file structure.txt (compact mmCIF, C-alpha atoms)
# COMPACT_ATOMS: atom_id res chain seq x y z
CA MET A 1 0.00 0.00 0.00
CA TYR A 2 0.95 3.66 -0.24
CA ALA A 3 2.84 3.22 -3.49
CA ARG A 4 5.58 0.97 -2.15
CA ARG A 5 4.85 -1.72 -4.71
CA ALA A 6 4.81 0.80 -7.54
CA ALA A 7 8.22 2.03 -6.43
CA GLN A 8 9.49 -1.57 -6.59
CA LEU A 9 8.33 -1.79 -10.22
CA LEU A 10 10.36 1.29 -11.02
CA GLN A 11 13.39 -0.03 -9.11
CA GLU A 12 13.27 -3.12 -11.33
CA LEU A 13 13.21 -0.93 -14.41
CA SER A 14 15.99 1.40 -13.33
CA SER A 15 18.30 -1.44 -12.29
CA CYS A 16 18.50 -2.60 -15.91
CA GLU A 17 21.19 -1.25 -18.19
CA GLU A 18 20.49 1.67 -20.47
CA GLY A 19 18.55 0.46 -23.51
CA GLN A 20 17.62 -2.89 -21.96
CA LEU A 21 14.29 -3.91 -20.51
CA PRO A 22 13.33 -6.35 -17.79
CA PRO A 23 10.41 -8.68 -18.65
CA TYR A 24 7.04 -6.96 -18.34
CA ASN A 25 5.88 -7.46 -14.77
CA GLY A 26 2.17 -7.84 -15.37
CA ASP A 27 1.51 -9.25 -11.89
CA LYS A 28 2.96 -6.31 -10.02
CA PHE A 29 1.29 -3.90 -12.41
CA ASP A 30 -2.11 -5.46 -11.68
CA GLN A 31 -1.39 -5.45 -7.95
CA VAL A 32 -0.72 -1.70 -8.07
CA ILE A 33 -4.02 -1.18 -9.90
CA ARG A 34 -5.82 -3.21 -7.23
CA GLU A 35 -4.16 -1.07 -4.54
CA CYS A 36 -5.49 2.02 -6.30
CA GLU A 37 -8.98 0.52 -6.19
CA GLU A 38 -8.54 -0.15 -2.47
CA HIS A 39 -7.44 3.44 -1.85
CA SER A 40 -10.42 4.62 -3.86
CA ARG A 41 -12.81 2.52 -1.75
CA GLN A 42 -11.33 3.90 1.47
CA PHE A 43 -11.54 7.40 0.06
CA GLN A 44 -15.22 6.97 -0.80
CA SER A 45 -16.03 5.69 2.67
CA LEU A 46 -14.28 8.63 4.32
CA ILE A 47 -15.92 11.40 2.32
CA ARG A 48 -19.40 9.92 2.25
CA ASP A 49 -21.98 12.34 3.65
CA LYS A 50 -19.27 14.58 4.98
CA ASP A 51 -18.93 18.29 4.43
CA ILE A 52 -15.97 18.85 2.10
CA GLU A 53 -14.92 22.10 3.75
CA THR A 54 -14.34 20.93 7.33
CA LYS A 55 -10.77 19.92 7.86
CA ASN A 56 -11.28 17.06 10.25
CA GLU A 57 -9.55 13.72 10.56
CA ASP A 58 -11.59 12.16 7.79
CA HIS A 59 -10.55 14.95 5.46
CA TYR A 60 -6.86 14.31 6.02
CA GLY A 61 -7.29 10.56 5.81
CA SER A 62 -9.10 10.88 2.49
CA PHE A 63 -6.43 13.30 1.29
CA ILE A 64 -3.72 10.73 2.00
CA HIS A 65 -5.61 8.09 0.00
CA HIS A 66 -6.04 10.57 -2.84
CA LEU A 67 -2.31 11.33 -2.86
CA SER A 68 -1.52 7.62 -2.89
CA ILE A 69 -3.65 7.11 -5.98
CA ILE A 70 -1.94 10.03 -7.75
CA ARG A 71 1.46 8.65 -6.78
CA ASN A 72 0.62 5.15 -8.04
CA LYS A 73 -0.61 6.67 -11.28
CA ARG A 74 2.65 8.57 -11.72
CA CYS A 75 4.72 5.44 -11.10
CA LEU A 76 2.71 3.34 -13.55
CA MET A 77 2.79 6.06 -16.20
CA ALA A 78 6.55 6.45 -15.83
CA TYR A 79 6.94 2.65 -16.11
CA MET A 80 5.00 2.52 -19.38
CA TYR A 81 6.68 5.64 -20.73
CA LYS A 82 10.20 4.40 -20.08
CA ARG A 83 9.45 1.03 -21.66
CA ALA A 84 7.92 2.76 -24.70
CA GLU A 85 11.06 4.88 -25.07
CA VAL A 86 13.29 1.78 -25.03
CA ILE A 87 11.03 0.02 -27.55
CA GLN A 88 11.29 3.01 -29.87
CA SER A 89 15.09 3.06 -29.56
CA ASN A 90 15.12 -0.66 -30.42
CA ARG A 91 13.69 0.12 -33.85
CA TRP A 92 16.65 2.38 -34.55
CA ASN A 93 19.36 0.27 -32.95
CA VAL A 94 18.25 -3.26 -33.75
CA GLY A 95 15.95 -3.06 -36.75
CA ARG A 96 12.54 -4.00 -37.99
CA VAL A 97 12.61 -7.51 -36.59
CA LEU A 98 13.27 -7.93 -32.89
CA PRO A 99 15.23 -10.97 -31.73
CA ARG A 100 13.37 -13.52 -29.65
CA GLU A 101 14.92 -12.49 -26.30
CA ILE A 102 13.66 -8.93 -26.64
CA GLN A 103 10.20 -9.95 -27.88
CA ASP A 104 9.70 -12.22 -24.88
CA LYS A 105 10.18 -9.29 -22.54
CA LEU A 106 7.33 -7.28 -24.07
CA ASN A 107 3.69 -7.79 -23.35
CA PHE A 108 1.09 -7.99 -26.12
CA SER A 109 0.25 -4.28 -26.33
CA GLU A 110 3.95 -3.38 -26.37
CA GLN A 111 4.53 -5.69 -29.33
CA GLU A 112 1.60 -4.02 -31.10
CA TYR A 113 3.11 -0.64 -30.25
CA PHE A 114 6.39 -1.70 -31.83
CA LYS A 115 4.64 -2.83 -35.02
CA ASP A 116 2.70 0.43 -35.25
CA TYR A 117 5.83 2.48 -34.62
CA CYS A 118 7.67 0.61 -37.38
CA GLY A 119 4.71 1.27 -39.68
CA VAL A 120 4.79 5.00 -38.95
CA ILE A 121 8.54 5.20 -39.59
CA ASP A 122 8.25 3.19 -42.79
CA SER A 123 5.48 5.36 -44.23
CA TYR A 124 7.50 8.48 -43.36
CA MET A 125 10.61 7.08 -45.02
CA LYS A 126 8.58 6.10 -48.06
CA ASP A 127 7.35 9.68 -48.41
CA LEU A 128 10.91 10.95 -48.17
CA ASP A 129 12.22 8.13 -50.35
CA LEU A 130 15.13 7.84 -47.95
CA ASP A 131 16.16 5.13 -45.51
CA LEU A 132 16.90 6.93 -42.25
CA THR A 133 17.97 3.89 -40.28
CA VAL A 134 21.25 3.24 -42.11
CA ASP A 135 24.42 5.12 -41.36
CA MET A 136 23.52 6.13 -37.82
CA VAL A 137 27.21 6.95 -37.42
CA PRO A 138 28.59 8.92 -40.39
CA PRO A 139 30.78 6.46 -42.30
CA LYS A 140 34.35 7.14 -43.35
CA ASP A 141 34.21 4.78 -46.30
CA PRO A 142 31.32 3.52 -48.42
CA TYR A 143 32.78 -0.02 -48.43
CA ILE A 144 33.76 -2.13 -45.46
CA ARG A 145 35.25 -5.54 -44.91
CA VAL A 146 32.99 -7.97 -43.09
CA ARG A 147 33.28 -11.42 -41.64
CA VAL A 148 30.17 -13.56 -41.59
CA LEU A 149 29.42 -15.00 -38.14
CA SER A 150 26.44 -17.23 -38.82
CA GLU A 151 25.32 -18.95 -41.97
CA ILE A 152 23.09 -16.64 -44.02
CA GLY A 153 23.15 -18.27 -47.46
CA GLU A 154 22.60 -16.68 -50.84
CA VAL A 155 21.74 -13.01 -50.73
CA SER A 156 21.26 -10.74 -53.69
CA LEU A 157 22.90 -7.38 -53.14
CA GLY A 158 22.41 -4.84 -55.89
CA ASP A 159 23.07 -6.51 -59.20
CA HIS A 160 24.91 -9.63 -58.07
CA ALA A 161 24.30 -12.46 -55.64
CA VAL A 162 26.71 -13.18 -52.81
CA SER A 163 26.95 -16.44 -50.96
CA LEU A 164 27.33 -15.59 -47.26
CA THR A 165 28.69 -18.74 -45.67
CA LYS A 166 29.96 -18.89 -42.10
CA ASP A 167 33.43 -17.42 -41.51
CA SER A 168 33.75 -16.02 -45.00
CA PHE A 169 35.13 -12.57 -45.69
CA HIS A 170 33.52 -10.09 -48.03
CA PHE A 171 34.05 -6.52 -49.18
CA LEU A 172 30.55 -5.03 -49.19
CA ARG A 173 28.84 -1.68 -49.43
CA ARG A 174 28.18 -0.32 -45.96
CA THR A 175 24.44 0.11 -46.58
CA ASP A 176 24.12 -3.55 -47.59
CA ALA A 177 26.08 -4.85 -44.62
CA GLU A 178 24.49 -2.75 -41.90
CA PRO A 179 21.24 -4.69 -41.40
CA PHE A 180 23.22 -7.90 -40.94
CA ILE A 181 25.67 -6.29 -38.54
CA SER A 182 22.89 -4.87 -36.34
CA GLN A 183 21.29 -8.31 -36.11
CA GLY A 184 24.63 -9.79 -35.05
CA LEU A 185 25.03 -12.05 -38.09
CA MET A 186 28.14 -10.27 -39.38
CA GLU A 187 30.92 -8.28 -37.88
CA GLU A 188 33.12 -5.60 -39.27
CA PHE A 189 36.60 -6.88 -39.87
CA VAL A 190 39.16 -4.38 -38.59
CA GLU A 191 42.77 -5.08 -39.30
CA MET B 1 13.87 20.49 -13.36
CA PRO B 2 12.96 16.79 -13.34
CA GLY B 3 9.85 15.91 -15.27
CA TYR B 4 6.77 13.89 -14.44
CA TYR B 5 8.20 10.75 -16.05
CA ASP B 6 11.68 11.09 -14.57
CA ILE B 7 12.33 7.78 -12.82
CA SER B 8 15.18 8.92 -10.60
CA ASP B 9 13.04 11.82 -9.36
CA ILE B 10 10.24 9.37 -8.50
CA LEU B 11 12.62 7.04 -6.68
CA MET B 12 14.21 9.95 -4.85
CA GLU B 13 10.80 10.99 -3.51
CA ASP B 14 10.46 7.55 -1.95
CA GLU B 15 13.06 8.38 0.69
CA ALA B 16 11.66 8.16 4.20
CA VAL B 17 11.45 11.20 6.43
CA SER B 18 10.32 11.41 10.00
CA VAL B 19 7.28 13.64 10.51
CA ALA B 20 5.17 14.79 13.41
CA PHE B 21 1.44 15.01 12.72
CA HIS B 22 -0.32 18.23 13.71
CA VAL B 23 -3.71 16.71 12.97
CA GLY B 24 -5.29 13.31 13.19
CA ALA B 25 -6.11 11.29 10.10
CA ASN B 26 -8.69 8.53 9.84
CA GLY B 27 -8.62 5.45 7.69
CA VAL B 28 -4.86 5.41 7.19
CA GLY B 29 -3.76 3.23 10.06
CA LEU B 30 -1.34 1.29 7.84
CA LEU B 31 1.02 4.26 7.86
CA ASP B 32 1.63 3.94 11.57
CA PRO B 33 2.73 0.45 12.61
CA GLY B 34 2.19 1.29 16.28
CA THR B 35 -1.47 2.18 16.08
CA GLU B 36 -4.35 -0.10 17.08
CA THR B 37 -7.19 1.83 15.47
CA ASN B 38 -7.28 2.48 11.76
CA SER B 39 -6.12 6.04 12.20
CA VAL B 40 -3.15 8.20 13.01
CA GLU B 41 -3.33 10.27 16.18
CA LYS B 42 -2.54 13.93 16.40
CA GLY B 43 1.02 14.31 17.60
CA ALA B 44 2.16 10.91 16.32
CA LYS B 45 5.68 10.66 15.00
CA ILE B 46 6.01 8.33 12.03
CA ASP B 47 8.15 7.79 8.97
CA LEU B 48 6.50 8.72 5.73
CA PRO B 49 7.83 8.63 2.18
CA PHE B 50 8.93 12.06 1.08
CA TRP B 51 6.22 12.51 -1.59
CA LEU B 52 3.54 12.17 1.07
CA ALA B 53 5.35 14.25 3.69
CA HIS B 54 5.95 17.01 1.13
CA GLU B 55 2.26 17.42 0.27
CA LEU B 56 1.09 17.17 3.86
CA CYS B 57 3.68 19.71 4.96
CA ARG B 58 2.51 22.16 2.32
CA ARG B 59 -0.97 21.96 3.83
CA ARG B 60 0.45 22.29 7.33
CA ALA B 61 -0.79 18.90 8.45
CA VAL B 62 2.65 17.67 9.50
CA SER B 63 6.05 19.07 10.23
CA ILE B 64 9.17 17.39 8.91
CA THR B 65 12.16 16.75 11.14
CA ILE B 66 15.54 17.15 9.48
CA PRO B 67 16.79 13.66 8.58
CA SER B 68 20.14 12.41 9.80
CA CYS B 69 21.83 12.98 6.44
CA PHE B 70 21.78 16.73 7.11
CA GLY B 71 22.32 16.50 10.84
CA GLN B 72 25.22 17.35 13.10
CA LYS B 73 27.06 14.05 12.72
CA MET B 74 27.04 14.35 8.95
CA LYS B 75 28.27 17.92 9.16
CA LYS B 76 31.19 16.75 11.30
CA ASP B 77 32.01 13.96 8.84
CA VAL B 78 32.04 16.37 5.93
CA GLN B 79 34.17 18.82 7.88
CA ALA B 80 36.70 16.08 8.57
CA ASP B 81 37.00 14.80 5.01
CA ALA B 82 34.26 15.45 2.50
CA ALA B 83 35.61 13.12 -0.17
CA CYS B 84 35.51 10.07 2.12
CA VAL B 85 31.85 10.36 3.05
CA ASP B 86 29.97 7.43 1.55
CA LEU B 87 27.00 8.99 -0.21
CA GLY B 88 26.62 6.16 -2.71
CA THR B 89 25.38 3.55 -0.28
CA ARG B 90 23.88 5.69 2.46
CA TYR B 91 22.26 8.62 0.66
CA PRO B 92 22.40 8.23 -3.13
CA TYR B 93 19.95 11.09 -3.64
CA PHE B 94 21.73 13.42 -1.22
CA TYR B 95 21.72 16.60 -3.32
CA GLU B 96 18.31 16.26 -4.97
CA PHE B 97 16.70 15.38 -1.68
CA GLY B 98 18.36 18.31 0.07
CA CYS B 99 17.21 20.72 -2.60
CA LYS B 100 13.61 19.56 -2.25
CA LEU B 101 13.68 19.40 1.53
CA PHE B 102 15.25 22.80 2.03
CA PRO B 103 12.12 24.99 1.44
CA LEU B 104 9.96 22.81 3.69
CA VAL B 105 12.11 22.81 6.76
CA GLY B 106 13.01 26.05 8.47
CA ASP B 107 16.75 25.40 8.41
CA LYS B 108 18.57 27.80 6.09
CA SER B 109 21.94 26.16 6.61
CA ILE B 110 21.07 23.09 4.52
CA GLY B 111 21.65 24.98 1.27
CA LEU B 112 25.10 26.15 2.31
CA PHE B 113 25.92 22.70 3.62
CA LEU B 114 25.03 21.07 0.29
CA ARG B 115 27.18 23.52 -1.62
CA HIS B 116 30.10 23.12 0.75
CA THR B 117 29.93 19.31 0.53
CA PHE B 118 29.72 19.32 -3.24
CA ALA B 119 32.57 21.79 -3.67
CA ASN B 120 34.90 19.76 -1.48
CA ARG B 121 34.08 16.46 -3.13
CA TYR B 122 34.26 17.90 -6.61
CA LYS B 123 38.00 18.58 -6.54
CA GLU B 124 38.95 14.98 -5.97
CA MET B 125 36.25 13.65 -8.28
CA LEU B 126 37.41 15.85 -11.15
CA SER B 127 40.98 14.64 -11.10
CA LYS B 128 40.09 10.96 -10.56
CA SER B 129 37.43 10.83 -13.26
CA HIS B 130 39.81 12.07 -15.94
CA THR B 131 42.38 9.45 -15.14
CA ALA B 132 40.06 6.53 -14.44
CA SER B 133 40.28 3.61 -16.85
CA LEU B 134 37.21 2.36 -18.66
CA ASN B 135 37.16 -1.20 -17.36
CA ALA B 136 38.00 -0.99 -13.69
CA ILE B 137 35.59 0.82 -11.41
CA PRO B 138 37.64 2.72 -8.87
CA LYS B 139 36.54 2.23 -5.30
CA PHE B 140 35.70 5.86 -4.79
CA VAL B 141 32.92 5.64 -7.42
CA LEU B 142 30.85 3.60 -4.99
CA ARG B 143 30.92 6.56 -2.61
CA LEU B 144 29.39 8.97 -5.15
CA SER B 145 25.77 10.02 -5.07
CA LYS B 146 23.67 9.59 -8.22
CA GLU B 147 24.21 13.15 -9.42
CA GLU B 148 27.97 12.96 -8.85
CA TYR B 149 28.05 9.64 -10.66
CA GLN B 150 26.51 11.22 -13.76
CA LEU B 151 29.23 13.87 -13.75
CA PHE B 152 31.85 11.17 -13.31
CA GLU B 153 30.51 9.19 -16.27
CA ALA B 154 30.40 12.32 -18.42
CA ALA B 155 34.06 13.07 -17.64
CA ARG B 156 35.14 9.47 -18.21
CA SER B 157 33.37 9.13 -21.54
CA SER B 158 34.71 12.47 -22.74
CA MET B 159 38.26 11.30 -21.91
CA VAL B 160 37.67 8.09 -23.86
CA GLU B 161 36.43 10.08 -26.87
CA PHE B 162 39.42 12.39 -26.61
CA LYS B 163 41.85 9.46 -26.60
CA LYS B 164 40.08 7.95 -29.60
CA TRP B 165 40.33 11.26 -31.40
CA ARG B 166 44.02 11.57 -30.68
CA VAL B 167 44.88 8.23 -32.25
CA ARG B 168 42.36 8.41 -35.05
CA ASP B 169 43.20 7.09 -38.45
CA LEU B 170 42.89 9.99 -40.82
CA GLY B 171 42.95 7.76 -43.86
CA LEU B 172 45.86 9.67 -45.32
CA MET B 173 48.27 7.91 -47.61
CA LYS B 174 51.62 7.46 -46.06
CA THR B 175 54.17 8.99 -48.41
CA THR B 176 57.69 7.78 -48.77
CA ILE B 177 60.29 10.34 -47.98
CA VAL B 178 61.89 11.50 -51.20
CA GLY B 179 64.96 13.61 -51.41
CA HIS B 180 68.39 13.38 -49.90
CA LYS B 181 69.01 10.35 -47.86
CA ARG B 182 70.09 11.51 -44.47
CA LYS B 183 72.22 9.64 -42.05
CA THR B 184 69.80 10.08 -39.12
CA ASP B 185 66.74 7.91 -38.95
CA LEU B 186 63.66 10.04 -39.34
CA HIS B 187 61.05 7.47 -38.22

call {"tool": "encode", "arguments": {"input": "structure.txt", "output": "structure tokens"}}
result
Amino acid sequence: MYARRAAQLLQELSSCEEGQLPPYNGDKFDQVIRECEEHSRQFQSLIRDKDIETKNEDHYGSFIHHLSIIRNKRCLMAYMYKRAEVIQSNRWNVGRVLPREIQDKLNFSEQEYFKDYCGVIDSYMKDLDLDLTVDMVPPKDPYIRVRVLSEIGEVSLGDHAVSLTKDSFHFLRRTDAEPFISQGLMEEFVE
Amino acid sequence: MPGYYDISDILMEDEAVSVAFHVGANGVGLLDPGTETNSVEKGAKIDLPFWLAHELCRRRAVSITIPSCFGQKMKKDVQADAACVDLGTRYPYFYEFGCKLFPLVGDKSIGLFLRHTFANRYKEMLSKSHTASLNAIPKFVLRLSKEEYQLFEAARSSMVEFKKWRVRDLGLMKTTIVGHKRKTDLH
């Protein structure tokens, strides 16, 4: 009660590294909502048939319950907001398809949010006719050397097909290699 | 100023402060573990989270006692050696909490005390953060409050960027030295 559980939710979130999320704690979230309902019930019973203006004990008791509800609301809102921010940053850092480990940490509405966010970005980029998600760091060189980490197979890049077998080295255009690098399937080969 | 969604501001407001109630309050017996009825008596002294104490104090329902982190013992510790005081484990939100507490409590010396503490700790922190390596976490970092830690990280990352810049590969072609061959080695 009195927003302690909501603070625990936020502790869980803040103890994760920057850009990472803990799994969505639906149980605690629901418990906080039930606590709010309990505060609301107590509030109703204290102000029933009472004159709002008199500052007696019931008034202060009801005020404390009211503050607790506001506090719980703030904690839950901050929880959702922070998670939404991280989900948005995942689109830019990881790509259109989230790896399994990240998807498992999101609840259903967060996965829907991610899909909708990708849709919004895609329609914007289509209007601009520009892919904004490549070259997040300005490149020094349009071509880079890459080493393939996991088996990808035949991929057609531009006008020719390249066979990306495990542990093979290639000299590719940066824009072609970037989606594979962000998914962890390739790494840049630095001498 | 911290925003509505700022998580560290929310967690900071969860710090407990000791308050004395000027009024009674019904229906909130859970706040006071010592009470038998479901209410808090006038004059009771209990620990409340800061967000609750702050609002109640504004409406003059309670008065807040200065917590130990700004008390005499702490002042003596800071006087002795500010840089050794362990804010990281004991009071990670030392500065933010002090700034918020200061207008509610009648004690004007808190503001000066915060500034004095920060100024004394800053000197050592500044020199150590610029020389700290990226991998090892120096022991003194554990003694920093959250705000000091952000400054420390900013200094450390800026030093890392600077070092990277210094040894950057400009992509220039290395030319061979043409001209008279000299006896001394120029490399």

call {"tool": "closest_atom_pairs", "arguments": {"input": "structure.txt", "of": "chain A", "to": "chain B", "cutoff": "10 Å", "atoms": "all atoms listed in the file", "output": "Markdown table"}}
result
| residue | atom | partner | partner_atom | distance |
| --- | --- | --- | --- | --- |
| A:Met1 | CA | B:Leu30 | CA | 8.1 |
| A:Tyr2 | CA | B:Leu31 | CA | 8.1 |
| A:Ala3 | CA | B:Asp14 | CA | 8.9 |
| A:Arg4 | CA | B:Asp14 | CA | 8.2 |
| A:Ala7 | CA | B:Leu11 | CA | 6.7 |
| A:Gln8 | CA | B:Leu11 | CA | 9.2 |
| A:Leu10 | CA | B:Ile7 | CA | 7.0 |
| A:Gln11 | CA | B:Leu11 | CA | 7.5 |
| A:Leu13 | CA | B:Ile7 | CA | 8.9 |
| A:Ser14 | CA | B:Ile7 | CA | 7.4 |
| A:His39 | CA | B:Val28 | CA | 9.6 |
| A:Gln42 | CA | B:Gly27 | CA | 7.0 |
| A:Phe43 | CA | B:Gly27 | CA | 8.4 |
| A:Ser45 | CA | B:Gly27 | CA | 9.0 |
| A:Leu46 | CA | B:Gly27 | CA | 7.3 |
| A:Lys55 | CA | B:Val23 | CA | 9.3 |
| A:Asn56 | CA | B:Gly24 | CA | 7.7 |
| A:Glu57 | CA | B:Ala25 | CA | 4.2 |
| A:Asp58 | CA | B:Asn26 | CA | 5.1 |
| A:His59 | CA | B:Ala25 | CA | 7.4 |
| A:Tyr60 | CA | B:Ala25 | CA | 5.1 |
| A:Gly61 | CA | B:Ala25 | CA | 4.5 |
| A:Ser62 | CA | B:Gly27 | CA | 7.5 |
| A:Phe63 | CA | B:Leu56 | CA | 8.8 |
| A:Ile64 | CA | B:Leu52 | CA | 7.5 |
| A:His65 | CA | B:Val28 | CA | 7.7 |
| A:Leu67 | CA | B:Leu52 | CA | 7.1 |
| A:Ser68 | CA | B:Leu52 | CA | 7.9 |
| A:Arg71 | CA | B:Trp51 | CA | 8.0 |
| A:Arg74 | CA | B:Tyr4 | CA | 7.3 |
| A:Cys75 | CA | B:Ile10 | CA | 7.3 |
| A:Leu76 | CA | B:Tyr5 | CA | 9.6 |
| A:Met77 | CA | B:Tyr5 | CA | 7.2 |
| A:Ala78 | CA | B:Tyr5 | CA | 4.6 |
| A:Tyr79 | CA | B:Ile7 | CA | 8.1 |
| A:Met80 | CA | B:Tyr5 | CA | 9.4 |
| A:Tyr81 | CA | B:Tyr5 | CA | 7.1 |
| A:Lys82 | CA | B:Tyr5 | CA | 7.8 |
| A:Lys140 | CA | B:Gly171 | CA | 8.6 |
| A:Asp141 | CA | B:Gly171 | CA | 9.6 |

call {"tool": "closest_residue", "arguments": {"input": "structure.txt", "among": "A:Asp129, A:Glu101, A:Asp30, A:Asp167", "to": "Val148 (chain A)", "atoms": "only C-alpha atoms"}}
result
A:Asp167

call {"tool": "residues_around", "arguments": {"input": "structure.txt", "residues": "region 174-184 of chain A", "least_positions_apart": "2", "cutoff": "6 Å", "atoms": "all atoms listed in the file", "output": "list in words"}}
result
Val94, Pro142, Tyr143, Ile144, Met186 and Glu187 of chain A

call {"tool": "residues_around", "arguments": {"input": "structure.txt", "residues": "Gly71 (chain B)", "least_positions_apart": "2", "cutoff": "12 Å", "atoms": "all atoms listed in the file", "output": "ChimeraX atom specification"}}
result
/B:65-69,73-78,98,107,109-110,113-114

call {"tool": "residues_around", "arguments": {"input": "structure.txt", "residues": "Leu112 (chain B)", "least_positions_apart": "4", "cutoff": "12 Å", "atoms": "only C-alpha atoms", "output": "PyMOL selection string"}}
result
chain B and resi 70+75+95+98-99+102+107-108+116-119

call {"tool": "atom_distance", "arguments": {"input": "structure.txt", "atom1": "CA of Ser157 (chain B)", "atom2": "CA of Asn93 (chain A)"}}
result
20.1 Å

call {"tool": "atom_distance", "arguments": {"input": "structure.txt", "atom1": "CA of Lys139 (chain B)", "atom2": "CA of Ala154 (chain B)"}}
result
17.7 Å

call {"tool": "closest_residue", "arguments": {"input": "structure.txt", "among": "B:Asp47, B:Arg115, B:Thr131, B:Arg143", "to": "Ser158 (chain B)", "atoms": "only C-alpha atoms"}}
result
B:Thr131
